[in-house]
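Asks: Pasting start24.pdb below, which is PDB, C-alpha atoms.
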```pdb
ATOM      1  CA  GLY F   1      -6.441 -24.843 -33.605
ATOM      2  CA  PRO F   2      -6.451 -26.044 -29.998
ATOM      3  CA  ILE F   3      -5.064 -22.672 -28.748
ATOM      4  CA  ARG F   4      -6.860 -19.377 -29.386
ATOM      5  CA  VAL F   5      -5.315 -15.961 -28.733
ATOM      6  CA  PHE F   6      -7.576 -12.978 -27.995
ATOM      7  CA  ALA F   7      -6.400  -9.360 -28.102
ATOM      8  CA  GLY F   8      -7.935  -5.895 -27.900
ATOM      9  CA  GLY F   9     -10.906  -4.673 -25.865
ATOM     10  CA  GLN F  10     -10.928  -2.074 -23.098
ATOM     11  CA  THR F  11      -9.745  -3.267 -19.700
ATOM     12  CA  VAL F  12      -9.610  -6.489 -17.679
ATOM     13  CA  ALA F  13     -13.097  -6.499 -16.223
ATOM     14  CA  ASP F  14     -16.271  -8.509 -15.905
ATOM     15  CA  VAL F  15     -18.674  -7.651 -18.697
ATOM     16  CA  ALA F  16     -22.346  -6.774 -18.276
ATOM     17  CA  GLU F  17     -24.360  -7.974 -21.263
ATOM     18  CA  GLY F  18     -24.491  -5.319 -23.983
ATOM     19  CA  SER F  19     -22.007  -2.981 -22.252
ATOM     20  CA  VAL F  20     -19.228  -3.499 -24.844
ATOM     21  CA  PRO F  21     -19.246  -4.723 -28.471
ATOM     22  CA  GLU F  22     -19.664  -8.489 -28.704
ATOM     23  CA  ARG F  23     -16.371  -8.840 -30.623
ATOM     24  CA  ASP F  24     -14.497  -7.514 -27.552
ATOM     25  CA  VAL F  25     -16.013 -10.039 -25.117
ATOM     26  CA  VAL F  26     -14.159 -13.267 -24.297
ATOM     27  CA  ARG F  27     -16.611 -15.908 -23.089
ATOM     28  CA  VAL F  28     -14.322 -18.891 -22.492
ATOM     29  CA  PRO F  29     -12.012 -19.504 -19.516
ATOM     30  CA  SER F  30      -8.714 -17.827 -20.423
ATOM     31  CA  ILE F  31      -5.195 -16.978 -19.286
ATOM     32  CA  ILE F  32      -4.626 -13.205 -19.491
ATOM     33  CA  VAL F  33      -1.116 -11.876 -20.110
ATOM     34  CA  LYS F  34      -0.177  -8.507 -18.551
ATOM     35  CA  SER F  35       2.564  -7.330 -20.891
ATOM     36  CA  ARG F  36       3.599  -3.847 -19.732
ATOM     37  CA  GLY F  37       5.554  -2.780 -16.651
ATOM     38  CA  HIS F  38       5.348  -5.738 -14.248
ATOM     39  CA  VAL F  39       4.711  -8.854 -16.310
ATOM     40  CA  GLY F  40       1.996 -11.106 -14.920
ATOM     41  CA  PHE F  41      -0.792 -13.592 -15.601
ATOM     42  CA  ALA F  42      -4.409 -13.819 -14.475
ATOM     43  CA  TYR F  43      -6.896 -16.663 -14.823
ATOM     44  CA  TYR F  44     -10.435 -15.606 -15.772
ATOM     45  CA  GLU F  45     -13.498 -17.852 -16.031
ATOM     46  CA  ARG F  46     -16.256 -15.203 -16.385
ATOM     47  CA  PRO F  47     -16.985 -13.235 -19.585
ATOM     48  CA  PHE F  48     -14.442 -10.392 -19.745
ATOM     49  CA  THR F  49     -12.789  -7.775 -21.926
ATOM     50  CA  HIS F  50      -9.308  -6.270 -21.706
ATOM     51  CA  LYS F  51      -6.964  -3.476 -22.791
ATOM     52  CA  ALA F  52      -5.231  -3.525 -26.149
ATOM     53  CA  GLU F  53      -1.786  -4.104 -24.582
ATOM     54  CA  LEU F  54      -3.027  -7.340 -22.958
ATOM     55  CA  TRP F  55      -3.842 -10.599 -24.629
ATOM     56  CA  SER F  56      -5.270 -13.906 -23.505
ATOM     57  CA  TYR F  57      -4.985 -17.576 -24.329
ATOM     58  CA  SER F  58      -7.781 -20.130 -24.383
ATOM     59  CA  ILE F  59      -6.601 -23.743 -24.639
ATOM     60  CA  GLU F  60      -8.931 -26.443 -25.919
ATOM     61  CA  HIS F  61      -6.831 -29.585 -26.159
ATOM     62  CA  PRO F  62      -7.847 -33.043 -24.909
ATOM     63  CA  ASP F  63      -4.436 -33.648 -23.279
ATOM     64  CA  VAL F  64      -3.979 -30.216 -21.668
ATOM     65  CA  ASP F  65      -5.526 -28.728 -18.508
ATOM     66  CA  GLN F  66      -5.631 -24.958 -19.067
ATOM     67  CA  LYS F  67      -5.266 -24.083 -15.377
ATOM     68  CA  TYR F  68      -2.135 -26.251 -15.237
ATOM     69  CA  VAL F  69      -0.670 -24.116 -18.058
ATOM     70  CA  TYR F  70      -1.591 -20.971 -16.088
ATOM     71  CA  TYR F  71       0.233 -22.239 -12.987
ATOM     72  CA  TYR F  72       3.262 -23.191 -15.096
ATOM     73  CA  LEU F  73       3.321 -19.715 -16.672
ATOM     74  CA  LEU F  74       3.525 -18.177 -13.182
ATOM     75  CA  THR F  75       6.915 -19.904 -12.784
ATOM     76  CA  GLN F  76       8.124 -18.112 -15.948
ATOM     77  CA  VAL F  77       7.371 -14.534 -14.829
ATOM     78  CA  GLY F  78      11.045 -13.843 -13.960
ATOM     79  CA  VAL F  79      12.231 -15.011 -17.403
ATOM     80  CA  LEU F  80       9.556 -12.955 -19.176
ATOM     81  CA  GLN F  81      10.267  -9.876 -17.036
ATOM     82  CA  ALA F  82      13.930 -10.022 -18.170
ATOM     83  CA  ILE F  83      12.800 -10.258 -21.822
ATOM     84  CA  ALA F  84      10.415  -7.307 -21.311
ATOM     85  CA  ARG F  85      13.144  -5.252 -19.603
ATOM     86  CA  ALA F  86      15.447  -5.775 -22.579
ATOM     87  CA  THR F  87      13.014  -3.637 -24.639
ATOM     88  CA  SER F  88      13.030  -0.721 -22.160
ATOM     89  CA  VAL F  89      13.937  -0.264 -18.485
ATOM     90  CA  LYS F  90      11.424   2.598 -18.077
ATOM     91  CA  LEU F  91       8.437   0.685 -19.481
ATOM     92  CA  PRO F  92       9.282  -3.003 -19.988
ATOM     93  CA  GLN F  93       7.103  -4.545 -22.705
ATOM     94  CA  LEU F  94       6.424  -8.090 -23.937
ATOM     95  CA  GLY F  95       5.183  -9.064 -27.373
ATOM     96  CA  VAL F  96       2.736 -11.893 -28.201
ATOM     97  CA  GLY F  97       5.660 -13.699 -29.831
ATOM     98  CA  ASP F  98       7.475 -13.817 -26.469
ATOM     99  CA  THR F  99       4.712 -15.829 -24.797
ATOM    100  CA  ASP F 100       3.953 -17.851 -27.962
ATOM    101  CA  ALA F 101       7.566 -19.090 -27.925
ATOM    102  CA  LEU F 102       7.435 -20.449 -24.345
ATOM    103  CA  ARG F 103       7.995 -24.214 -24.119
ATOM    104  CA  ILE F 104       5.627 -25.872 -21.638
ATOM    105  CA  PRO F 105       6.169 -29.374 -20.204
ATOM    106  CA  ILE F 106       3.035 -31.503 -20.637
ATOM    107  CA  PRO F 107       2.907 -34.459 -18.197
ATOM    108  CA  PRO F 108      -0.036 -36.906 -18.310
ATOM    109  CA  LEU F 109      -3.436 -35.210 -17.851
ATOM    110  CA  ALA F 110      -3.979 -36.892 -14.451
ATOM    111  CA  VAL F 111      -0.693 -35.385 -13.189
ATOM    112  CA  GLN F 112      -1.665 -31.932 -14.506
ATOM    113  CA  ARG F 113      -5.011 -32.125 -12.715
ATOM    114  CA  GLU F 114      -3.424 -33.219  -9.431
ATOM    115  CA  ILE F 115      -0.976 -30.283  -9.599
ATOM    116  CA  VAL F 116      -3.924 -27.909 -10.188
ATOM    117  CA  ARG F 117      -5.834 -29.441  -7.250
ATOM    118  CA  VAL F 118      -2.874 -28.992  -4.876
ATOM    119  CA  LEU F 119      -2.118 -25.419  -5.999
ATOM    120  CA  ASP F 120      -5.793 -24.390  -5.928
ATOM    121  CA  ALA F 121      -6.021 -25.653  -2.332
ATOM    122  CA  PHE F 122      -2.836 -23.775  -1.429
ATOM    123  CA  ALA F 123      -4.151 -20.530  -2.999
ATOM    124  CA  GLU F 124      -7.442 -20.894  -1.095
ATOM    125  CA  LEU F 125      -5.571 -21.402   2.170
ATOM    126  CA  GLU F 126      -3.455 -18.300   1.485
ATOM    127  CA  ALA F 127      -6.573 -16.197   0.771
ATOM    128  CA  GLU F 128      -8.188 -17.386   4.033
ATOM    129  CA  LEU F 129      -5.056 -16.549   6.042
ATOM    130  CA  GLU F 130      -4.836 -13.109   4.425
ATOM    131  CA  ALA F 131      -8.495 -12.372   5.288
ATOM    132  CA  GLU F 132      -7.937 -13.598   8.864
ATOM    133  CA  LEU F 133      -4.868 -11.412   9.420
ATOM    134  CA  GLU F 134      -6.548  -8.361   7.842
ATOM    135  CA  ALA F 135      -9.593  -8.860  10.103
ATOM    136  CA  GLU F 136      -7.325  -9.064  13.170
ATOM    137  CA  LEU F 137      -5.564  -5.850  12.140
ATOM    138  CA  GLU F 138      -8.871  -4.058  11.536
ATOM    139  CA  ALA F 139     -10.151  -5.150  14.966
ATOM    140  CA  ARG F 140      -6.991  -3.772  16.617
ATOM    141  CA  ARG F 141      -7.370  -0.461  14.738
ATOM    142  CA  ARG F 142     -10.970  -0.124  15.915
ATOM    143  CA  GLN F 143      -9.901  -0.951  19.468
ATOM    144  CA  TYR F 144      -7.189   1.733  19.319
ATOM    145  CA  ALA F 145      -9.668   4.337  17.981
ATOM    146  CA  HIS F 146     -12.137   3.437  20.765
ATOM    147  CA  TYR F 147      -9.552   3.883  23.543
ATOM    148  CA  ARG F 148      -8.147   7.041  21.937
ATOM    149  CA  ASP F 149     -11.596   8.646  21.742
ATOM    150  CA  ALA F 150     -12.439   7.574  25.315
ATOM    151  CA  LEU F 151      -9.153   8.942  26.698
ATOM    152  CA  LEU F 152      -9.511  12.227  24.795
ATOM    153  CA  THR F 153     -13.133  12.887  25.790
ATOM    154  CA  PHE F 154     -13.355  15.109  28.843
ATOM    155  CA  PRO F 155     -16.465  15.929  30.940
ATOM    156  CA  GLU F 156     -17.811  19.477  30.757
ATOM    157  CA  GLY F 157     -15.556  21.627  32.938
ATOM    158  CA  GLY F 158     -13.333  18.616  33.681
ATOM    159  CA  VAL F 159     -10.292  19.928  31.829
ATOM    160  CA  ARG F 160      -8.640  23.231  30.983
ATOM    161  CA  TRP F 161      -8.756  24.158  27.286
ATOM    162  CA  ALA F 162      -6.219  26.301  25.470
ATOM    163  CA  THR F 163      -5.461  27.252  21.868
ATOM    164  CA  LEU F 164      -2.727  25.457  19.951
ATOM    165  CA  GLY F 165      -0.924  28.802  19.713
ATOM    166  CA  GLU F 166      -0.741  28.897  23.538
ATOM    167  CA  VAL F 167       0.683  25.397  24.073
ATOM    168  CA  ALA F 168       3.145  25.169  21.142
ATOM    169  CA  VAL F 169       6.005  27.332  19.847
ATOM    170  CA  ASN F 170       5.558  27.978  16.125
ATOM    171  CA  LEU F 171       8.794  27.857  14.101
ATOM    172  CA  ASP F 172       7.301  28.449  10.627
ATOM    173  CA  ALA F 173       9.559  31.491  10.111
ATOM    174  CA  GLN F 174      12.600  29.158   9.983
ATOM    175  CA  ARG F 175      11.227  26.990   7.132
ATOM    176  CA  ARG F 176      12.815  27.318   3.686
ATOM    177  CA  PRO F 177      11.386  25.860   0.486
ATOM    178  CA  VAL F 178      13.949  24.865  -2.157
ATOM    179  CA  THR F 179      13.029  23.994  -5.754
ATOM    180  CA  LYS F 180      13.955  20.455  -6.783
ATOM    181  CA  SER F 181      16.620  21.660  -9.207
ATOM    182  CA  ALA F 182      18.292  23.751  -6.461
ATOM    183  CA  ARG F 183      18.504  20.924  -3.891
ATOM    184  CA  THR F 184      21.805  19.151  -3.251
ATOM    185  CA  PRO F 185      21.137  15.419  -2.757
ATOM    186  CA  GLY F 186      22.168  13.986   0.614
ATOM    187  CA  ARG F 187      20.884  12.024   3.623
ATOM    188  CA  ILE F 188      18.859  14.712   5.417
ATOM    189  CA  PRO F 189      15.068  14.170   5.071
ATOM    190  CA  TYR F 190      13.300  17.067   3.311
ATOM    191  CA  TYR F 191       9.706  17.291   4.576
ATOM    192  CA  GLY F 192       6.546  18.561   2.895
ATOM    193  CA  ALA F 193       2.847  18.517   3.810
ATOM    194  CA  SER F 194       2.507  14.729   4.154
ATOM    195  CA  GLY F 195       6.000  13.506   4.989
ATOM    196  CA  VAL F 196       9.425  13.093   3.373
ATOM    197  CA  VAL F 197       9.517  14.287  -0.246
ATOM    198  CA  ASP F 198      13.295  14.229  -0.811
ATOM    199  CA  TYR F 199      16.724  13.871   0.821
ATOM    200  CA  VAL F 200      19.169  16.797   0.887
ATOM    201  CA  SER F 201      22.695  17.549   2.136
ATOM    202  CA  GLU F 202      21.932  20.325   4.671
ATOM    203  CA  TYR F 203      19.486  20.858   7.548
ATOM    204  CA  ILE F 204      17.479  23.667   9.164
ATOM    205  CA  PHE F 205      16.118  21.878  12.238
ATOM    206  CA  ASP F 206      17.869  19.560  14.681
ATOM    207  CA  GLY F 207      15.616  18.065  17.359
ATOM    208  CA  ASP F 208      12.070  16.775  17.910
ATOM    209  CA  TYR F 209       9.180  18.682  16.333
ATOM    210  CA  LEU F 210       5.563  18.213  15.322
ATOM    211  CA  LEU F 211       4.721  18.953  11.692
ATOM    212  CA  VAL F 212       1.138  19.805  10.693
ATOM    213  CA  SER F 213       0.081  19.871   7.027
ATOM    214  CA  GLU F 214      -0.464  23.426   5.792
ATOM    215  CA  ASP F 215      -2.083  22.618   2.454
ATOM    216  CA  GLY F 216      -3.130  19.808   0.137
ATOM    217  CA  ALA F 217      -6.140  17.554  -0.436
ATOM    218  CA  ASN F 218      -5.132  15.358   2.530
ATOM    219  CA  LEU F 219      -6.232  18.127   4.925
ATOM    220  CA  LEU F 220      -9.798  17.058   4.144
ATOM    221  CA  ALA F 221      -9.314  13.480   2.873
ATOM    222  CA  ARG F 222      -7.190  12.502   5.932
ATOM    223  CA  SER F 223      -5.886   9.358   4.228
ATOM    224  CA  THR F 224      -2.582   9.850   6.090
ATOM    225  CA  PRO F 225      -2.038  11.659   9.440
ATOM    226  CA  ILE F 226      -1.885  15.448   9.044
ATOM    227  CA  ALA F 227       0.158  15.816  12.246
ATOM    228  CA  PHE F 228       3.369  13.792  12.473
ATOM    229  CA  SER F 229       6.537  13.913  14.572
ATOM    230  CA  ILE F 230      10.050  14.344  13.166
ATOM    231  CA  SER F 231      13.403  13.849  14.919
ATOM    232  CA  GLY F 232      17.055  14.635  14.316
ATOM    233  CA  ARG F 233      18.420  16.814  11.540
ATOM    234  CA  THR F 234      15.726  17.801   9.048
ATOM    235  CA  TRP F 235      14.745  20.327   6.391
ATOM    236  CA  VAL F 236      11.104  21.466   6.172
ATOM    237  CA  ASN F 237       9.530  23.360   3.263
ATOM    238  CA  ASN F 238       6.608  25.806   3.507
ATOM    239  CA  HIS F 239       3.875  23.143   3.121
ATOM    240  CA  ALA F 240       4.049  21.973   6.757
ATOM    241  CA  HIS F 241       3.839  23.996   9.982
ATOM    242  CA  VAL F 242       6.631  23.331  12.502
ATOM    243  CA  LEU F 243       5.677  23.187  16.208
ATOM    244  CA  ALA F 244       7.996  22.784  19.185
ATOM    245  CA  PHE F 245       7.070  21.465  22.672
ATOM    246  CA  SER F 246       8.945  21.122  25.966
ATOM    247  CA  THR F 247       8.472  17.340  26.354
ATOM    248  CA  TYR F 248       7.740  14.209  24.342
ATOM    249  CA  SER F 249       4.403  13.656  26.124
ATOM    250  CA  GLU F 250       3.108  17.164  25.319
ATOM    251  CA  ARG F 251       4.093  16.863  21.655
ATOM    252  CA  ARG F 252       2.699  13.353  21.287
ATOM    253  CA  PHE F 253      -0.541  14.267  23.117
ATOM    254  CA  ILE F 254      -1.215  17.111  20.641
ATOM    255  CA  GLU F 255      -0.217  14.891  17.678
ATOM    256  CA  ILE F 256      -2.749  12.222  18.692
ATOM    257  CA  TYR F 257      -5.433  14.816  19.440
ATOM    258  CA  LEU F 258      -5.077  16.711  16.131
ATOM    259  CA  ASN F 259      -5.248  13.436  14.174
ATOM    260  CA  SER F 260      -8.451  12.452  16.015
ATOM    261  CA  ILE F 261     -10.575  15.565  15.378
ATOM    262  CA  ASP F 262     -12.321  17.172  12.403
ATOM    263  CA  LEU F 263     -10.236  20.167  11.331
ATOM    264  CA  SER F 264     -12.395  21.221   8.374
ATOM    265  CA  PRO F 265     -13.763  24.331  10.243
ATOM    266  CA  PHE F 266     -10.181  25.679  10.272
ATOM    267  CA  VAL F 267      -9.382  24.805   6.633
ATOM    268  CA  SER F 268      -9.955  27.455   3.964
ATOM    269  CA  GLY F 269      -9.895  27.303   0.148
ATOM    270  CA  GLY F 270     -12.013  25.035  -2.034
ATOM    271  CA  ALA F 271      -9.925  23.279  -4.683
ATOM    272  CA  GLN F 272      -6.689  23.981  -2.745
ATOM    273  CA  PRO F 273      -7.418  23.364   0.962
ATOM    274  CA  LYS F 274      -5.184  25.388   3.312
ATOM    275  CA  LEU F 275      -4.690  25.482   7.072
ATOM    276  CA  ASN F 276      -3.010  28.852   7.544
ATOM    277  CA  GLN F 277      -1.015  29.797  10.621
ATOM    278  CA  ALA F 278      -3.722  32.050  12.106
ATOM    279  CA  ASN F 279      -6.309  29.240  11.924
ATOM    280  CA  LEU F 280      -3.802  26.668  13.205
ATOM    281  CA  ASN F 281      -3.057  28.839  16.249
ATOM    282  CA  ARG F 282      -6.729  29.168  17.210
ATOM    283  CA  ILE F 283      -7.538  25.406  17.213
ATOM    284  CA  PRO F 284      -8.810  24.592  20.747
ATOM    285  CA  VAL F 285      -6.950  21.724  22.437
ATOM    286  CA  PRO F 286      -7.423  20.085  25.850
ATOM    287  CA  ALA F 287      -4.644  20.982  28.306
ATOM    288  CA  PRO F 288      -4.892  18.496  31.196
ATOM    289  CA  PRO F 289      -2.090  18.382  33.804
ATOM    290  CA  PHE F 290       1.223  17.092  32.483
ATOM    291  CA  GLU F 291       0.887  13.784  34.424
ATOM    292  CA  GLU F 292      -2.469  13.097  32.729
ATOM    293  CA  GLN F 293      -1.044  13.828  29.270
ATOM    294  CA  ALA F 294       1.859  11.439  29.981
ATOM    295  CA  ARG F 295      -0.588   8.711  31.155
ATOM    296  CA  VAL F 296      -2.775   9.033  28.012
ATOM    297  CA  VAL F 297       0.280   9.001  25.748
ATOM    298  CA  ALA F 298       1.767   5.911  27.471
ATOM    299  CA  ILE F 299      -1.478   3.931  27.037
ATOM    300  CA  LEU F 300      -2.010   4.949  23.410
ATOM    301  CA  ASP F 301       1.646   4.409  22.446
ATOM    302  CA  LYS F 302       1.352   0.816  23.683
ATOM    303  CA  PHE F 303      -1.761   0.295  21.542
ATOM    304  CA  ASP F 304      -0.133   2.017  18.597
ATOM    305  CA  ALA F 305       2.907  -0.269  18.847
ATOM    306  CA  LEU F 306       0.615  -3.296  18.917
ATOM    307  CA  VAL F 307      -1.205  -2.165  15.738
ATOM    308  CA  ASN F 308       2.052  -1.241  13.995
ATOM    309  CA  ASP F 309       3.762  -4.485  14.992
ATOM    310  CA  LEU F 310       0.775  -6.327  13.618
ATOM    311  CA  SER F 311       0.714  -4.281  10.395
ATOM    312  CA  SER F 312       4.467  -4.725   9.856
ATOM    313  CA  GLY F 313       4.128  -8.351  10.917
ATOM    314  CA  LEU F 314       1.195  -8.834   8.555
ATOM    315  CA  PRO F 315       3.061  -8.207   5.269
ATOM    316  CA  ALA F 316       6.015 -10.249   6.601
ATOM    317  CA  GLU F 317       3.711 -13.168   7.429
ATOM    318  CA  LEU F 318       2.013 -12.950   4.027
ATOM    319  CA  ALA F 319       5.355 -12.660   2.204
ATOM    320  CA  ALA F 320       6.597 -15.784   4.014
ATOM    321  CA  ARG F 321       3.433 -17.665   3.016
ATOM    322  CA  ARG F 322       3.799 -16.559  -0.617
ATOM    323  CA  LYS F 323       7.446 -17.655  -0.692
ATOM    324  CA  GLN F 324       6.404 -21.031   0.684
ATOM    325  CA  TYR F 325       3.624 -21.266  -1.922
ATOM    326  CA  GLU F 326       5.980 -20.295  -4.759
ATOM    327  CA  TYR F 327       8.562 -22.833  -3.564
ATOM    328  CA  TYR F 328       6.023 -25.701  -3.644
ATOM    329  CA  ARG F 329       4.559 -24.483  -6.940
ATOM    330  CA  ASP F 330       7.998 -24.374  -8.580
ATOM    331  CA  ARG F 331       8.882 -27.827  -7.206
ATOM    332  CA  LEU F 332       5.613 -29.264  -8.511
ATOM    333  CA  LEU F 333       6.178 -27.692 -11.930
ATOM    334  CA  THR F 334       9.832 -28.663 -12.439
ATOM    335  CA  PHE F 335      10.244 -31.566 -14.845
ATOM    336  CA  GLU F 336      13.269 -33.253 -16.349
ATOM    337  CA  GLU F 337      13.194 -32.954 -20.119
ATOM    338  CA  LYS F 338      13.056 -36.268 -21.914
ATOM    339  CA  ILE F 339      15.758 -36.708 -24.551
ATOM    340  CA  ALA F 340      14.258 -38.246 -27.657
TER     341      ALA F 340
END
```
Would you write the structure of this file as structure tokens?
Replies:
Amino acid sequence: GPIRVFAGGQTVADVAEGSVPERDVVRVPSIIVKSRGHVGFAYYERPFTHKAELWSYSIEHPDVDQKYVYYYLLTQVGVLQAIARATSVKLPQLGVGDTDALRIPIPPLAVQREIVRVLDAFAELEAELEAELEAELEARRRQYAHYRDALLTFPEGGVRWATLGEVAVNLDAQRRPVTKSARTPGRIPYYGASGVVDYVSEYIFDGDYLLVSEDGANLLARSTPIAFSISGRTWVNNHAHVLAFSTYSERRFIEIYLNSIDLSPFVSGGAQPKLNQANLNRIPVPAPPFEEQARVVAILDKFDALVNDLSSGLPAELAARRKQYEYYRDRLLTFEEKIA
């Protein structure tokens, strides 16, 4: 028939010749249906293969533009998600019959092609904007790192050095780990090695502190900061060290410094990296006069705010563009049904 449905294969991916059995390769432009979890559609023009829980449609009909059908299907994601959720809230799931049953308006071919042209141009514009904003954000991040490194590099003999144990008060003895089953849910953040892991009803600490990861792969991977400030009423378990300082500037200066240096010489354990208290205390840190610390912190906080404003502004800008795109797409693909 004019519509072919493909199912099976391994995963949605480009296929290198001979890498998978020929029967699993789809060689015609197709619309792929993602049926589990978040329902979605993808348009693929290169040879591909896909997982068993996905399927794809290839439309070969003289009066139908396949990409037009793909764009129309995007307007039906909400409807299909509701159908999928009716099967299970934990893992929503569509069946082939659910997409087979969709009714699709078919205007004249010239109209279909014009809709595709407009939406393709819109998608291209969105991709360009996204790349532009990401490049701007990356440039700001590099600029911040440059200034941070310049401000935290001191000439030989130009600054006093101390150990972290000398400049901070360690409050690890006050930490208390609580198993998940023993926690009473509430509004107090419960911190672990990399940030908030739960919310509980009671608190141990009340004030401003610097937490430093004690264990976990992130000590070496550094995909998120290993030193981070907390404020107000909090509970901290035994996976993060708790450090207290006299002033904001001193705490923030050490936070920025620890996140800028390689701490692997102080981390022990292979598969389970650990920064124990003895090693934490002996980390050398610059101890310039208080006024200098405050100056460095003020400059870097301004930069940090700029990067964060941009990174929070970036998703907001992109979300606004997508909403605009979806609005025009839905308007273009809304038709009055003819009554025979």
Asks: Would you pick out the contacts of segment 233-242 of chain F at 7 Å or less, using only C-alpha atoms, so that residues sharing its chain but fewer than 2 positions from it are not included, and give the list as a VMD selection string?
Replies: chain F and resid 170 to 172 175 to 177 188 to 193 203 to 207 209 to 215 231 244
Asks: Show me a table, sorted first by chain and then by increasing residue number, of the residues of segment 78-118 of chain F having an atom at most 12 Å from segment 324-330 of chain F, each with its shortest atom pair and the distance in Å to one decimal, counting all atoms listed in the file and written as a Markdown table.
Replies:
```
| residue | atom | partner | partner_atom | distance |
| --- | --- | --- | --- | --- |
| F:Ile115 | CA | F:Arg329 | CA | 8.4 |
| F:Val116 | CA | F:Arg329 | CA | 9.7 |
| F:Arg117 | CA | F:Arg329 | CA | 11.5 |
| F:Val118 | CA | F:Arg329 | CA | 8.9 |
```
Asks: Just to confirm, what's the straight-line distance from atom CA of Leu137 of chain F to atom CA of Arg295 of chain F in Å (one decimal)?
Replies: 24.5 Å
Asks: Restricting the calculation to all atoms listed in the file, which member of F:Ile31, F:Ala101, F:Val79, F:Leu119 is positioned closest to Leu332 of chain F?
Replies: F:Leu119
Asks: My list of candidates is F:Pro225, F:Glu22, F:Tyr72, F:Ser249. Which is closest to Glu291 of chain F when distances are computed with all atoms listed in the file?
Replies: F:Ser249
Asks: So which one's closest to Tyr257 of chain F, F:Asp149, F:Glu292, F:Asp309, F:Glu128? Using all atoms listed in the file, please.
Replies: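 Between F:Asp149, F:Glu292, F:Asp309, F:Glu128, the residue approaching Tyr257 of chain F most closely is F:Asp149.
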Asks: For segment 57-66 of chain F, work out the shell of residues within 12 Å, counting all atoms listed in the file and skipping chain neighbours fewer than 5 positions away, then give it as a JSON list (two decimals) with C-alpha atoms, keeping the file's coordinate frame.
Replies:
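File produced: selection15.json:
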```
[["chain", "number", "residue", "atom", "x", "y", "z"],
["F", 1, "GLY", "CA", -6.44, -24.84, -33.60],
["F", 2, "PRO", "CA", -6.45, -26.04, -30.00],
["F", 3, "ILE", "CA", -5.06, -22.67, -28.75],
["F", 4, "ARG", "CA", -6.86, -19.38, -29.39],
["F", 5, "VAL", "CA", -5.32, -15.96, -28.73],
["F", 6, "PHE", "CA", -7.58, -12.98, -28.00],
["F", 7, "ALA", "CA", -6.40, -9.36, -28.10],
["F", 26, "VAL", "CA", -14.16, -13.27, -24.30],
["F", 27, "ARG", "CA", -16.61, -15.91, -23.09],
["F", 28, "VAL", "CA", -14.32, -18.89, -22.49],
["F", 29, "PRO", "CA", -12.01, -19.50, -19.52],
["F", 30, "SER", "CA", -8.71, -17.83, -20.42],
["F", 31, "ILE", "CA", -5.20, -16.98, -19.29],
["F", 32, "ILE", "CA", -4.63, -13.20, -19.49],
["F", 33, "VAL", "CA", -1.12, -11.88, -20.11],
["F", 34, "LYS", "CA", -0.18, -8.51, -18.55],
["F", 41, "PHE", "CA", -0.79, -13.59, -15.60],
["F", 42, "ALA", "CA", -4.41, -13.82, -14.48],
["F", 43, "TYR", "CA", -6.90, -16.66, -14.82],
["F", 44, "TYR", "CA", -10.44, -15.61, -15.77],
["F", 45, "GLU", "CA", -13.50, -17.85, -16.03],
["F", 71, "TYR", "CA", 0.23, -22.24, -12.99],
["F", 72, "TYR", "CA", 3.26, -23.19, -15.10],
["F", 73, "LEU", "CA", 3.32, -19.72, -16.67],
["F", 96, "VAL", "CA", 2.74, -11.89, -28.20],
["F", 99, "THR", "CA", 4.71, -15.83, -24.80],
["F", 100, "ASP", "CA", 3.95, -17.85, -27.96],
["F", 104, "ILE", "CA", 5.63, -25.87, -21.64],
["F", 105, "PRO", "CA", 6.17, -29.37, -20.20],
["F", 106, "ILE", "CA", 3.04, -31.50, -20.64],
["F", 107, "PRO", "CA", 2.91, -34.46, -18.20],
["F", 108, "PRO", "CA", -0.04, -36.91, -18.31],
["F", 109, "LEU", "CA", -3.44, -35.21, -17.85],
["F", 110, "ALA", "CA", -3.98, -36.89, -14.45],
["F", 111, "VAL", "CA", -0.69, -35.38, -13.19],
["F", 112, "GLN", "CA", -1.66, -31.93, -14.51],
["F", 113, "ARG", "CA", -5.01, -32.12, -12.72],
["F", 114, "GLU", "CA", -3.42, -33.22, -9.43],
["F", 115, "ILE", "CA", -0.98, -30.28, -9.60],
["F", 116, "VAL", "CA", -3.92, -27.91, -10.19],
["F", 117, "ARG", "CA", -5.83, -29.44, -7.25]]
```
Asks: Excluding Asn281 of chain F and any residue of its chain fewer than 5 positions from it, enumerate the residues within 10 Å of it, using only C-alpha atoms, and give them as a list in words.
Replies: Thr163, Leu164, Gly165, Glu166, Val167, Ala168, Val169, Asn170, Phe266, Leu275 and Asn276 of chain F
Asks: Now that the selection is made, can you save its residues with C-alpha atoms as an mmCIF file, keeping the file's coordinate frame?
Replies:
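Result written to result-v5.cif:
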```cif
data_model
loop_
_atom_site.group_PDB
_atom_site.id
_atom_site.type_symbol
_atom_site.label_atom_id
_atom_site.label_comp_id
_atom_site.auth_asym_id
_atom_site.auth_seq_id
_atom_site.Cartn_x
_atom_site.Cartn_y
_atom_site.Cartn_z
ATOM 1 C CA THR F 163 -5.461 27.252 21.868
ATOM 2 C CA LEU F 164 -2.727 25.457 19.951
ATOM 3 C CA GLY F 165 -0.924 28.802 19.713
ATOM 4 C CA GLU F 166 -0.741 28.897 23.538
ATOM 5 C CA VAL F 167 0.683 25.397 24.073
ATOM 6 C CA ALA F 168 3.145 25.169 21.142
ATOM 7 C CA VAL F 169 6.005 27.332 19.847
ATOM 8 C CA ASN F 170 5.558 27.978 16.125
ATOM 9 C CA PHE F 266 -10.181 25.679 10.272
ATOM 10 C CA LEU F 275 -4.690 25.482 7.072
ATOM 11 C CA ASN F 276 -3.010 28.852 7.544
#
```
Asks: When the PyMOL selection byres ((chain F and resi 217) around 9) is applied to the structure above, which residues does it catch, written out as a list in words?
Replies: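 For this structure, the PyMOL selection byres ((chain F and resi 217) around 9) resolves to Asp215, Gly216, Asn218, Leu219, Leu220, Ala221, Arg222, Ala271, Gln272, Pro273 and Lys274 of chain F.
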